[in-house]
>>> print(open('model-v5.cif').read())   # mmCIF, C-alpha atoms
data_target
loop_
_atom_site.group_PDB
_atom_site.id
_atom_site.type_symbol
_atom_site.label_atom_id
_atom_site.label_comp_id
_atom_site.auth_asym_id
_atom_site.auth_seq_id
_atom_site.Cartn_x
_atom_site.Cartn_y
_atom_site.Cartn_z
ATOM 1 C CA MET A 1 89.084 10.999 -5.970
ATOM 2 C CA SER A 2 91.190 14.132 -6.047
ATOM 3 C CA ALA A 3 90.559 16.981 -8.457
ATOM 4 C CA HIS A 4 93.556 15.910 -10.533
ATOM 5 C CA ASP A 5 92.127 12.498 -11.166
ATOM 6 C CA HIS A 6 90.196 13.033 -14.379
ATOM 7 C CA HIS A 7 91.132 10.284 -16.737
ATOM 8 C CA ALA A 8 88.962 7.651 -18.386
ATOM 9 C CA GLY A 9 85.646 9.478 -18.116
ATOM 10 C CA ALA A 10 86.062 10.598 -14.499
ATOM 11 C CA LEU A 11 85.333 14.293 -14.954
ATOM 12 C CA PRO A 12 86.002 16.665 -12.035
ATOM 13 C CA PRO A 13 82.909 18.206 -10.380
ATOM 14 C CA GLU A 14 83.292 21.573 -12.126
ATOM 15 C CA PRO A 15 84.895 20.526 -15.432
ATOM 16 C CA GLU A 16 84.932 24.118 -16.743
ATOM 17 C CA LYS A 17 87.365 25.181 -14.006
ATOM 18 C CA ALA A 18 89.501 22.017 -13.955
ATOM 19 C CA THR A 19 92.253 23.330 -16.253
ATOM 20 C CA LEU A 20 94.192 26.600 -16.249
ATOM 21 C CA GLU A 21 93.121 27.047 -19.866
ATOM 22 C CA GLY A 22 89.471 26.726 -18.843
ATOM 23 C CA ARG A 23 89.846 29.230 -15.993
ATOM 24 C CA ASN A 24 91.675 31.679 -18.269
ATOM 25 C CA LYS A 25 88.981 31.299 -20.919
ATOM 26 C CA ILE A 26 86.317 32.276 -18.381
ATOM 27 C CA LEU A 27 88.369 35.220 -17.080
ATOM 28 C CA GLY A 28 89.070 36.453 -20.618
ATOM 29 C CA PHE A 29 85.398 36.174 -21.435
ATOM 30 C CA TRP A 30 84.488 38.368 -18.465
ATOM 31 C CA LEU A 31 86.912 41.026 -19.715
ATOM 32 C CA PHE A 32 85.182 40.782 -23.105
ATOM 33 C CA LEU A 33 81.799 41.250 -21.388
ATOM 34 C CA GLY A 34 83.172 44.381 -19.674
ATOM 35 C CA ALA A 35 83.937 45.738 -23.148
ATOM 36 C CA GLU A 36 80.498 44.643 -24.393
ATOM 37 C CA THR A 37 78.934 46.621 -21.529
ATOM 38 C CA VAL A 38 80.684 49.743 -22.839
ATOM 39 C CA LEU A 39 79.623 48.953 -26.412
ATOM 40 C CA PHE A 40 75.955 48.709 -25.455
ATOM 41 C CA GLY A 41 76.415 51.788 -23.243
ATOM 42 C CA THR A 42 77.455 53.876 -26.249
ATOM 43 C CA LEU A 43 74.360 52.698 -28.159
ATOM 44 C CA PHE A 44 72.127 53.433 -25.140
ATOM 45 C CA SER A 45 73.582 56.930 -24.760
ATOM 46 C CA ALA A 46 73.039 57.610 -28.486
ATOM 47 C CA TYR A 47 69.441 56.394 -28.182
ATOM 48 C CA LEU A 48 68.790 58.559 -25.103
ATOM 49 C CA ALA A 49 70.235 61.594 -26.866
ATOM 50 C CA PHE A 50 68.100 61.106 -30.011
ATOM 51 C CA ARG A 51 64.894 59.584 -28.644
ATOM 52 C CA ASN A 52 62.915 62.775 -29.203
ATOM 53 C CA SER A 53 64.353 63.556 -32.658
ATOM 54 C CA VAL A 54 61.598 61.809 -34.628
ATOM 55 C CA LEU A 55 61.233 64.268 -37.579
ATOM 56 C CA ASP A 56 58.249 63.067 -39.693
ATOM 57 C CA GLY A 57 58.469 59.444 -38.511
ATOM 58 C CA PRO A 58 56.181 57.855 -35.932
ATOM 59 C CA PRO A 59 57.104 58.643 -32.296
ATOM 60 C CA PRO A 60 57.908 55.797 -29.868
ATOM 61 C CA GLU A 61 54.551 55.889 -28.055
ATOM 62 C CA GLU A 62 52.710 55.222 -31.358
ATOM 63 C CA LEU A 63 55.173 52.577 -32.519
ATOM 64 C CA PHE A 64 55.732 50.216 -29.604
ATOM 65 C CA GLN A 65 53.265 47.439 -28.777
ATOM 66 C CA LEU A 66 53.771 46.346 -25.169
ATOM 67 C CA PRO A 67 52.144 42.848 -25.388
ATOM 68 C CA MET A 68 54.652 41.897 -28.120
ATOM 69 C CA THR A 69 57.600 43.222 -26.092
ATOM 70 C CA PHE A 70 56.334 41.341 -23.041
ATOM 71 C CA ILE A 71 56.198 38.017 -24.923
ATOM 72 C CA MET A 72 59.737 38.599 -26.248
ATOM 73 C CA THR A 73 60.930 39.428 -22.723
ATOM 74 C CA VAL A 74 59.436 36.264 -21.232
ATOM 75 C CA ALA A 75 60.895 34.115 -24.044
ATOM 76 C CA LEU A 76 64.394 35.473 -23.378
ATOM 77 C CA LEU A 77 64.003 35.260 -19.588
ATOM 78 C CA VAL A 78 62.947 31.589 -19.757
ATOM 79 C CA SER A 79 65.839 30.856 -22.150
ATOM 80 C CA SER A 80 68.233 32.380 -19.602
ATOM 81 C CA LEU A 81 66.840 30.011 -16.948
ATOM 82 C CA THR A 82 67.186 26.987 -19.244
ATOM 83 C CA SER A 83 70.816 27.875 -19.874
ATOM 84 C CA VAL A 84 71.345 27.841 -16.068
ATOM 85 C CA PHE A 85 69.857 24.338 -16.113
ATOM 86 C CA ALA A 86 72.292 23.351 -18.903
ATOM 87 C CA VAL A 87 75.269 24.382 -16.731
ATOM 88 C CA GLN A 88 73.804 22.577 -13.703
ATOM 89 C CA ALA A 89 73.381 19.410 -15.808
ATOM 90 C CA MET A 90 77.005 19.826 -16.906
ATOM 91 C CA HIS A 91 78.120 19.977 -13.239
ATOM 92 C CA ARG A 92 76.301 16.657 -12.753
ATOM 93 C CA HIS A 93 77.997 15.255 -15.903
ATOM 94 C CA LYS A 94 74.607 14.580 -17.495
ATOM 95 C CA THR A 95 75.610 15.346 -21.058
ATOM 96 C CA GLY A 96 72.273 14.408 -22.643
ATOM 97 C CA GLN A 97 70.309 16.600 -20.245
ATOM 98 C CA MET A 98 72.762 19.467 -20.801
ATOM 99 C CA LEU A 99 72.378 19.238 -24.596
ATOM 100 C CA GLY A 100 68.596 19.161 -24.169
ATOM 101 C CA TRP A 101 68.571 22.392 -22.132
ATOM 102 C CA MET A 102 70.953 24.014 -24.639
ATOM 103 C CA ALA A 103 68.550 23.071 -27.457
ATOM 104 C CA VAL A 104 65.616 24.571 -25.506
ATOM 105 C CA THR A 105 67.693 27.729 -24.979
ATOM 106 C CA ILE A 106 68.373 28.244 -28.685
ATOM 107 C CA ALA A 107 64.764 27.390 -29.569
ATOM 108 C CA LEU A 108 63.531 30.174 -27.237
ATOM 109 C CA GLY A 109 66.219 32.470 -28.645
ATOM 110 C CA ALA A 110 64.860 31.730 -32.114
ATOM 111 C CA VAL A 111 61.321 32.609 -30.919
ATOM 112 C CA PHE A 112 62.663 35.934 -29.611
ATOM 113 C CA LEU A 113 64.524 36.637 -32.852
ATOM 114 C CA GLY A 114 61.529 35.690 -35.011
ATOM 115 C CA LEU A 115 59.279 38.092 -33.081
ATOM 116 C CA GLU A 116 61.887 40.841 -33.363
ATOM 117 C CA ILE A 117 62.133 40.396 -37.142
ATOM 118 C CA TYR A 118 58.317 40.494 -37.359
ATOM 119 C CA GLU A 119 58.304 43.644 -35.194
ATOM 120 C CA PHE A 120 60.935 45.430 -37.312
ATOM 121 C CA ASN A 121 59.029 44.483 -40.456
ATOM 122 C CA GLU A 122 55.862 46.052 -39.003
ATOM 123 C CA TYR A 123 57.773 49.223 -38.120
ATOM 124 C CA VAL A 124 59.152 49.570 -41.647
ATOM 125 C CA HIS A 125 55.582 49.350 -42.993
ATOM 126 C CA GLU A 126 54.575 52.105 -40.569
ATOM 127 C CA GLY A 127 57.260 54.373 -42.049
ATOM 128 C CA HIS A 128 59.889 53.795 -39.343
ATOM 129 C CA ARG A 129 62.965 52.993 -41.430
ATOM 130 C CA PHE A 130 66.636 53.075 -40.494
ATOM 131 C CA THR A 131 67.132 56.455 -42.216
ATOM 132 C CA THR A 132 63.799 58.043 -41.188
ATOM 133 C CA SER A 133 65.156 60.063 -38.254
ATOM 134 C CA ALA A 134 67.911 60.185 -35.650
ATOM 135 C CA PHE A 135 65.490 58.340 -33.354
ATOM 136 C CA SER A 136 64.933 55.506 -35.840
ATOM 137 C CA SER A 137 68.681 55.143 -36.560
ATOM 138 C CA ALA A 138 69.524 55.035 -32.851
ATOM 139 C CA PHE A 139 66.637 52.618 -32.188
ATOM 140 C CA TYR A 140 67.616 50.149 -34.914
ATOM 141 C CA SER A 141 71.316 50.380 -33.964
ATOM 142 C CA LEU A 142 70.651 49.550 -30.313
ATOM 143 C CA VAL A 143 67.884 46.950 -30.648
ATOM 144 C CA GLY A 144 69.357 45.513 -33.854
ATOM 145 C CA PHE A 145 72.770 45.097 -32.257
ATOM 146 C CA HIS A 146 71.148 43.203 -29.413
ATOM 147 C CA GLY A 147 69.246 41.066 -31.942
ATOM 148 C CA ALA A 148 72.537 40.346 -33.733
ATOM 149 C CA HIS A 149 73.973 39.165 -30.419
ATOM 150 C CA VAL A 150 71.004 36.806 -29.983
ATOM 151 C CA ALA A 151 71.520 35.505 -33.537
ATOM 152 C CA PHE A 152 75.221 34.944 -32.843
ATOM 153 C CA GLY A 153 74.376 33.186 -29.570
ATOM 154 C CA ILE A 154 71.978 30.808 -31.362
ATOM 155 C CA LEU A 155 74.691 29.985 -33.927
ATOM 156 C CA TRP A 156 77.359 29.585 -31.227
ATOM 157 C CA ILE A 157 75.348 27.340 -28.887
ATOM 158 C CA GLY A 158 74.067 25.381 -31.896
ATOM 159 C CA LEU A 159 77.638 24.670 -33.046
ATOM 160 C CA LEU A 160 78.610 23.769 -29.463
ATOM 161 C CA ILE A 161 75.835 21.154 -29.364
ATOM 162 C CA LEU A 162 77.251 19.617 -32.554
ATOM 163 C CA GLN A 163 80.800 19.680 -31.167
ATOM 164 C CA ILE A 164 79.771 18.001 -27.900
ATOM 165 C CA LEU A 165 77.807 15.353 -29.791
ATOM 166 C CA LYS A 166 81.056 14.608 -31.619
ATOM 167 C CA LYS A 167 83.646 14.988 -28.836
ATOM 168 C CA GLY A 168 81.628 14.499 -25.667
ATOM 169 C CA LEU A 169 81.813 16.495 -22.441
ATOM 170 C CA THR A 170 85.492 16.933 -21.516
ATOM 171 C CA VAL A 171 87.641 19.462 -19.672
ATOM 172 C CA VAL A 172 88.168 21.069 -23.121
ATOM 173 C CA THR A 173 84.511 21.369 -24.140
ATOM 174 C CA ALA A 174 83.102 22.195 -20.663
ATOM 175 C CA PRO A 175 84.543 25.764 -20.473
ATOM 176 C CA LYS A 176 82.945 26.513 -23.851
ATOM 177 C CA VAL A 177 79.517 25.527 -22.541
ATOM 178 C CA TYR A 178 80.024 27.599 -19.379
ATOM 179 C CA VAL A 179 81.194 30.672 -21.288
ATOM 180 C CA SER A 180 78.314 30.430 -23.797
ATOM 181 C CA ALA A 181 75.862 30.315 -20.863
ATOM 182 C CA ILE A 182 77.469 33.441 -19.349
ATOM 183 C CA TYR A 183 77.151 35.135 -22.755
ATOM 184 C CA TRP A 184 73.468 34.194 -22.994
ATOM 185 C CA HIS A 185 72.733 35.588 -19.510
ATOM 186 C CA PHE A 186 74.556 38.789 -20.441
ATOM 187 C CA ILE A 187 72.349 39.155 -23.530
ATOM 188 C CA ASP A 188 69.292 38.751 -21.292
ATOM 189 C CA VAL A 189 70.587 41.398 -18.846
ATOM 190 C CA VAL A 190 71.100 43.818 -21.760
ATOM 191 C CA TRP A 191 67.521 43.107 -22.887
ATOM 192 C CA VAL A 192 66.259 44.014 -19.391
ATOM 193 C CA PHE A 193 67.652 47.516 -19.948
ATOM 194 C CA ILE A 194 66.402 47.663 -23.554
ATOM 195 C CA PHE A 195 62.793 46.847 -22.655
ATOM 196 C CA THR A 196 62.991 49.260 -19.722
ATOM 197 C CA VAL A 197 64.721 52.225 -21.362
ATOM 198 C CA VAL A 198 63.496 51.868 -24.960
ATOM 199 C CA TYR A 199 60.043 50.253 -24.850
ATOM 200 C CA LEU A 200 58.623 51.045 -21.407
ATOM 201 C CA MET A 201 60.070 54.552 -21.074
ATOM 202 C CA GLY A 202 58.982 55.215 -24.662
ATOM 203 C CA LYS A 203 55.427 54.578 -23.505
ATOM 204 C CA VAL A 204 55.549 56.543 -20.227
ATOM 205 C CA MET B 205 72.168 26.140 2.185
ATOM 206 C CA THR B 206 72.972 23.940 -0.804
ATOM 207 C CA GLU B 207 71.849 20.359 -0.850
ATOM 208 C CA ASN B 208 74.277 17.597 -1.590
ATOM 209 C CA HIS B 209 73.223 15.911 -4.799
ATOM 210 C CA SER B 210 75.528 12.983 -5.326
ATOM 211 C CA ALA B 211 73.421 11.145 -7.856
ATOM 212 C CA SER B 212 76.102 11.017 -10.537
ATOM 213 C CA GLY B 213 78.576 8.882 -8.619
ATOM 214 C CA THR B 214 81.362 8.898 -6.090
ATOM 215 C CA GLN B 215 83.419 11.657 -7.687
ATOM 216 C CA THR B 216 80.831 14.287 -6.739
ATOM 217 C CA GLN B 217 80.386 13.216 -3.139
ATOM 218 C CA ARG B 218 82.986 15.560 -1.721
ATOM 219 C CA HIS B 219 81.817 18.444 -3.888
ATOM 220 C CA ARG B 220 78.634 20.265 -2.977
ATOM 221 C CA LEU B 221 76.516 20.808 -6.068
ATOM 222 C CA GLU B 222 74.026 23.642 -5.953
ATOM 223 C CA GLY B 223 70.402 22.780 -6.589
ATOM 224 C CA PRO B 224 68.056 24.620 -8.965
ATOM 225 C CA GLN B 225 66.015 26.265 -6.159
ATOM 226 C CA LYS B 226 67.965 29.552 -6.000
ATOM 227 C CA HIS B 227 67.876 29.919 -9.774
ATOM 228 C CA ILE B 228 64.131 29.319 -9.899
ATOM 229 C CA ILE B 229 63.696 31.979 -7.169
ATOM 230 C CA VAL B 230 65.743 34.432 -9.299
ATOM 231 C CA PHE B 231 63.549 33.532 -12.298
ATOM 232 C CA ILE B 232 60.315 34.175 -10.371
ATOM 233 C CA LEU B 233 61.748 37.432 -8.977
ATOM 234 C CA SER B 234 62.735 38.546 -12.496
ATOM 235 C CA LEU B 235 59.290 37.656 -13.844
ATOM 236 C CA VAL B 236 57.499 39.517 -11.028
ATOM 237 C CA LEU B 237 59.711 42.622 -11.467
ATOM 238 C CA THR B 238 59.070 42.514 -15.237
ATOM 239 C CA ILE B 239 55.302 42.243 -14.724
ATOM 240 C CA ILE B 240 55.330 45.157 -12.236
ATOM 241 C CA ALA B 241 57.289 47.273 -14.741
ATOM 242 C CA PHE B 242 54.924 46.512 -17.638
ATOM 243 C CA ALA B 243 51.849 46.968 -15.428
ATOM 244 C CA ALA B 244 53.096 50.359 -14.180
ATOM 245 C CA VAL B 245 53.377 51.572 -17.784
ATOM 246 C CA ALA B 246 50.152 49.930 -18.987
ATOM 247 C CA ALA B 247 48.217 51.512 -16.084
ATOM 248 C CA GLY B 248 49.061 55.022 -17.318
ATOM 249 C CA ASN B 249 47.947 58.224 -15.576
ATOM 250 C CA VAL B 250 50.604 57.795 -12.905
ATOM 251 C CA ASN B 251 53.281 60.346 -12.007
ATOM 252 C CA LYS B 252 55.743 60.195 -14.903
ATOM 253 C CA LEU B 253 58.909 60.701 -12.878
ATOM 254 C CA PHE B 254 57.790 58.142 -10.291
ATOM 255 C CA VAL B 255 57.218 55.521 -13.027
ATOM 256 C CA ILE B 256 60.640 56.199 -14.582
ATOM 257 C CA PHE B 257 62.432 55.686 -11.261
ATOM 258 C CA LEU B 258 60.300 52.608 -10.537
ATOM 259 C CA LEU B 259 61.243 51.127 -13.943
ATOM 260 C CA LEU B 260 64.941 51.812 -13.396
ATOM 261 C CA GLY B 261 64.760 50.288 -9.921
ATOM 262 C CA MET B 262 63.064 47.122 -11.214
ATOM 263 C CA ALA B 263 65.664 46.781 -14.011
ATOM 264 C CA ILE B 264 68.649 47.277 -11.688
ATOM 265 C CA VAL B 265 67.369 44.782 -9.087
ATOM 266 C CA GLN B 266 66.656 42.216 -11.809
ATOM 267 C CA ALA B 267 70.055 42.722 -13.477
ATOM 268 C CA PHE B 268 71.824 42.456 -10.110
ATOM 269 C CA ALA B 269 70.032 39.188 -9.204
ATOM 270 C CA GLN B 270 70.840 37.646 -12.587
ATOM 271 C CA LEU B 271 74.494 38.729 -12.476
ATOM 272 C CA ALA B 272 74.926 37.406 -8.932
ATOM 273 C CA PHE B 273 73.174 34.043 -9.252
ATOM 274 C CA TRP B 274 72.800 33.105 -12.932
ATOM 275 C CA MET B 275 76.236 34.394 -13.899
ATOM 276 C CA HIS B 276 77.737 33.188 -10.571
ATOM 277 C CA MET B 277 79.276 36.551 -9.703
ATOM 278 C CA LYS B 278 78.416 35.976 -6.024
ATOM 279 C CA ASP B 279 80.681 32.890 -5.978
ATOM 280 C CA ARG B 280 84.271 33.217 -4.806
ATOM 281 C CA GLY B 281 87.037 33.778 -7.356
ATOM 282 C CA HIS B 282 85.052 36.461 -9.173
ATOM 283 C CA PHE B 283 87.139 39.498 -8.273
ATOM 284 C CA PHE B 284 88.271 40.255 -11.817
ATOM 285 C CA PRO B 285 84.831 39.656 -13.380
ATOM 286 C CA ILE B 286 83.409 42.169 -10.892
ATOM 287 C CA ILE B 287 86.162 44.660 -11.782
ATOM 288 C CA ALA B 288 85.531 44.140 -15.524
ATOM 289 C CA ILE B 289 81.756 44.631 -15.276
ATOM 290 C CA LEU B 290 82.011 47.528 -12.778
ATOM 291 C CA GLY B 291 84.551 49.234 -15.050
ATOM 292 C CA GLY B 292 82.148 48.812 -17.963
ATOM 293 C CA VAL B 293 79.203 50.092 -15.922
ATOM 294 C CA LEU B 294 81.227 53.132 -14.810
ATOM 295 C CA VAL B 295 81.910 54.085 -18.439
ATOM 296 C CA VAL B 296 78.228 53.499 -19.299
ATOM 297 C CA ILE B 297 77.104 55.819 -16.471
ATOM 298 C CA MET B 298 79.440 58.537 -17.757
ATOM 299 C CA LEU B 299 78.287 58.068 -21.368
ATOM 300 C CA VAL B 300 74.594 58.161 -20.473
ATOM 301 C CA ALA B 301 75.049 61.174 -18.176
ATOM 302 C CA LEU B 302 76.952 62.938 -20.958
ATOM 303 C CA ALA B 303 74.254 62.196 -23.543
ATOM 304 C CA LEU B 304 71.491 63.419 -21.226
ATOM 305 C CA LEU B 305 73.389 66.584 -20.230
ATOM 306 C CA TRP B 306 74.142 67.289 -23.881
ATOM 307 C CA THR B 307 70.493 67.078 -24.932
ATOM 308 C CA TRP B 308 68.775 68.544 -21.874
ATOM 309 C CA TRP B 309 70.860 71.668 -21.480
#
>>> encode(input="model-v5.cif", output="structure tokens")
Amino acid sequence: MSAHDHHAGALPPEPEKATLEGRNKILGFWLFLGAETVLFGTLFSAYLAFRNSVLDGPPPEELFQLPMTFIMTVALLVSSLTSVFAVQAMHRHKTGQMLGWMAVTIALGAVFLGLEIYEFNEYVHEGHRFTTSAFSSAFYSLVGFHGAHVAFGILWIGLLILQILKKGLTVVTAPKVYVSAIYWHFIDVVWVFIFTVVYLMGKV
Amino acid sequence: MTENHSASGTQTQRHRLEGPQKHIIVFILSLVLTIIAFAAVAAGNVNKLFVIFLLLGMAIVQAFAQLAFWMHMKDRGHFFPIIAILGGVLVVIMLVALALLWTWW
């Protein structure tokens, strides 16, 4: 029962860290997340610099609806928890349970994305377009970039579910699940700062 | 701290699997911090600067808890992830400080 004994369905306890390739994948992904932190930082700094440059467009305190933002926040927070459950199911080698939690995660991500699209559509009708002001450009760049990350995450985890249905949970597929969960948590952490700095501080 | 769940067979008996309790605690903490933040803004008529620092505090605590537990950064073997994220955060602090100095002075 050593860690090297993973043939014929006997997966090691943490299959994502069983191979050097898997460990390197996780390390490389963390370096990528360091770069993503900087990327979102540039968008945050642009937003903070331009948040008062509204020209003729609606200012943030008129635009933002807190109940909507709160529902979006809870949806993403719960999806982050379900992706923890997916990784815990993976550590127990319960592939079906893991796929179930991954499906719940992308469903909640889709709820978040749907509400964000609805929200942006409302804003456009209120005269808050991408080119309205420096504030609107910075707002759509920051929040839209985060939304694009959610959309990519839904696509990624969705494709992973299909791949695992086909190939099963192995030392090759396990690091992919782990890394996608880390990505999803990162997206949730970025949203924590977006709802704080953009929505809540826009209303203070 | 962690319970030994060995339901999935003999190969997990020597390995301690962590239970969901800690993660559920982080979830409840995150939810409570989020509700406090939204409530502080919805209440209005409070000292503006106080609310801004309260919001930032709530966000940083929540982000720290999620990074440590949900993203496993508290586990051993996470030296380079910590360096990567801290390096990123350092650049972000400089960028944000620069943007604020540029527009406020």
>>> interface_residues(input="model-v5.cif", of="chain B", to="chain A", cutoff="6 Å", atoms="all atoms listed in the file", output="compact mmCIF listing (two decimals) with C-alpha atoms, in the coordinates of the input")
# COMPACT_ATOMS: atom_id res chain seq x y z
CA GLN B 215 83.42 11.66 -7.69
CA THR B 216 80.83 14.29 -6.74
CA VAL B 245 53.38 51.57 -17.78
CA ALA B 267 70.06 42.72 -13.48
CA MET B 275 76.24 34.39 -13.90
CA PRO B 285 84.83 39.66 -13.38
CA ALA B 288 85.53 44.14 -15.52
CA ILE B 289 81.76 44.63 -15.28
CA GLY B 292 82.15 48.81 -17.96
CA VAL B 296 78.23 53.50 -19.30
CA LEU B 299 78.29 58.07 -21.37
CA VAL B 300 74.59 58.16 -20.47
CA ALA B 303 74.25 62.20 -23.54
CA THR B 307 70.49 67.08 -24.93
>>> closest_residue(input="model-v5.cif", among="A:Lys166, A:His149, A:Lys176, A:Arg51", to="Gly109 (chain A)", atoms="only C-alpha atoms")
A:His149
>>> closest_residue(input="model-v5.cif", among="B:Leu305, B:Leu271, B:Val255, B:Met298", to="Val230 (chain B)", atoms="only C-alpha atoms")
B:Leu271
>>> resolve_selection(input="model-v5.cif", expression="the PyMOL selection byres ((chain A and resi 98) around 8)", output="PyMOL selection string")
chain A and resi 85-90+94-97+99-102
>>> residues_around(input="model-v5.cif", residues="region 231-242 of chain B", least_positions_apart="5", cutoff="6 Å", atoms="only C-alpha atoms", output="PDB file with C-alpha atoms, in the frame of the given file")
ATOM      1  CA  LEU B 259      61.243  51.127 -13.943  1.00  0.00           C
ATOM      2  CA  MET B 262      63.064  47.122 -11.214  1.00  0.00           C
ATOM      3  CA  GLN B 266      66.656  42.216 -11.809  1.00  0.00           C
TER       4      GLN B 266
END
>>> atom_distance(input="model-v5.cif", atom1="CA of Gly127 (chain A)", atom2="CA of Val143 (chain A)")
17.3 Å
>>> residues_around(input="model-v5.cif", residues="Arg129 (chain A)", least_positions_apart="3", cutoff="12 Å", atoms="only C-alpha atoms", output="number ranges by chain")
A: 54, 56-58, 63, 120-126, 132-141
>>> closest_residue(input="model-v5.cif", among="A:Ala151, A:Thr170, A:Pro15, A:Arg23", to="His282 (chain B)", atoms="all atoms listed in the file")
A:Arg23
>>> atom_distance(input="model-v5.cif", atom1="CA of Phe112 (chain A)", atom2="CA of Gly144 (chain A)")
12.4 Å
>>> atom_distance(input="model-v5.cif", atom1="CA of Gly158 (chain A)", atom2="CA of Ser79 (chain A)")
13.9 Å
>>> axis_aligned_box(input="model-v5.cif", around="region 14-25 of chain A", padding_each_side="8 Å", output="AutoDock Vina command-line options")
--center_x 88.7 --center_y 26.1 --center_z -16.5 --size_x 26.9 --size_y 27.2 --size_z 24.8
>>> resolve_selection(input="model-v5.cif", expression="the PyMOL selection byres ((chain A and resi 155) around 12)", output="PyMOL selection string")
chain A and resi 102-103+105-107+109-110+148-154+156-162+180+184
>>> write_last_selection(input="model-v5.cif", atoms="C-alpha atoms", output="compact mmCIF listing (two decimals), in the coordinates of the input")
# COMPACT_ATOMS: atom_id res chain seq x y z
CA MET A 102 70.95 24.01 -24.64
CA ALA A 103 68.55 23.07 -27.46
CA THR A 105 67.69 27.73 -24.98
CA ILE A 106 68.37 28.24 -28.68
CA ALA A 107 64.76 27.39 -29.57
CA GLY A 109 66.22 32.47 -28.64
CA ALA A 110 64.86 31.73 -32.11
CA ALA A 148 72.54 40.35 -33.73
CA HIS A 149 73.97 39.16 -30.42
CA VAL A 150 71.00 36.81 -29.98
CA ALA A 151 71.52 35.51 -33.54
CA PHE A 152 75.22 34.94 -32.84
CA GLY A 153 74.38 33.19 -29.57
CA ILE A 154 71.98 30.81 -31.36
CA TRP A 156 77.36 29.58 -31.23
CA ILE A 157 75.35 27.34 -28.89
CA GLY A 158 74.07 25.38 -31.90
CA LEU A 159 77.64 24.67 -33.05
CA LEU A 160 78.61 23.77 -29.46
CA ILE A 161 75.83 21.15 -29.36
CA LEU A 162 77.25 19.62 -32.55
CA SER A 180 78.31 30.43 -23.80
CA TRP A 184 73.47 34.19 -22.99
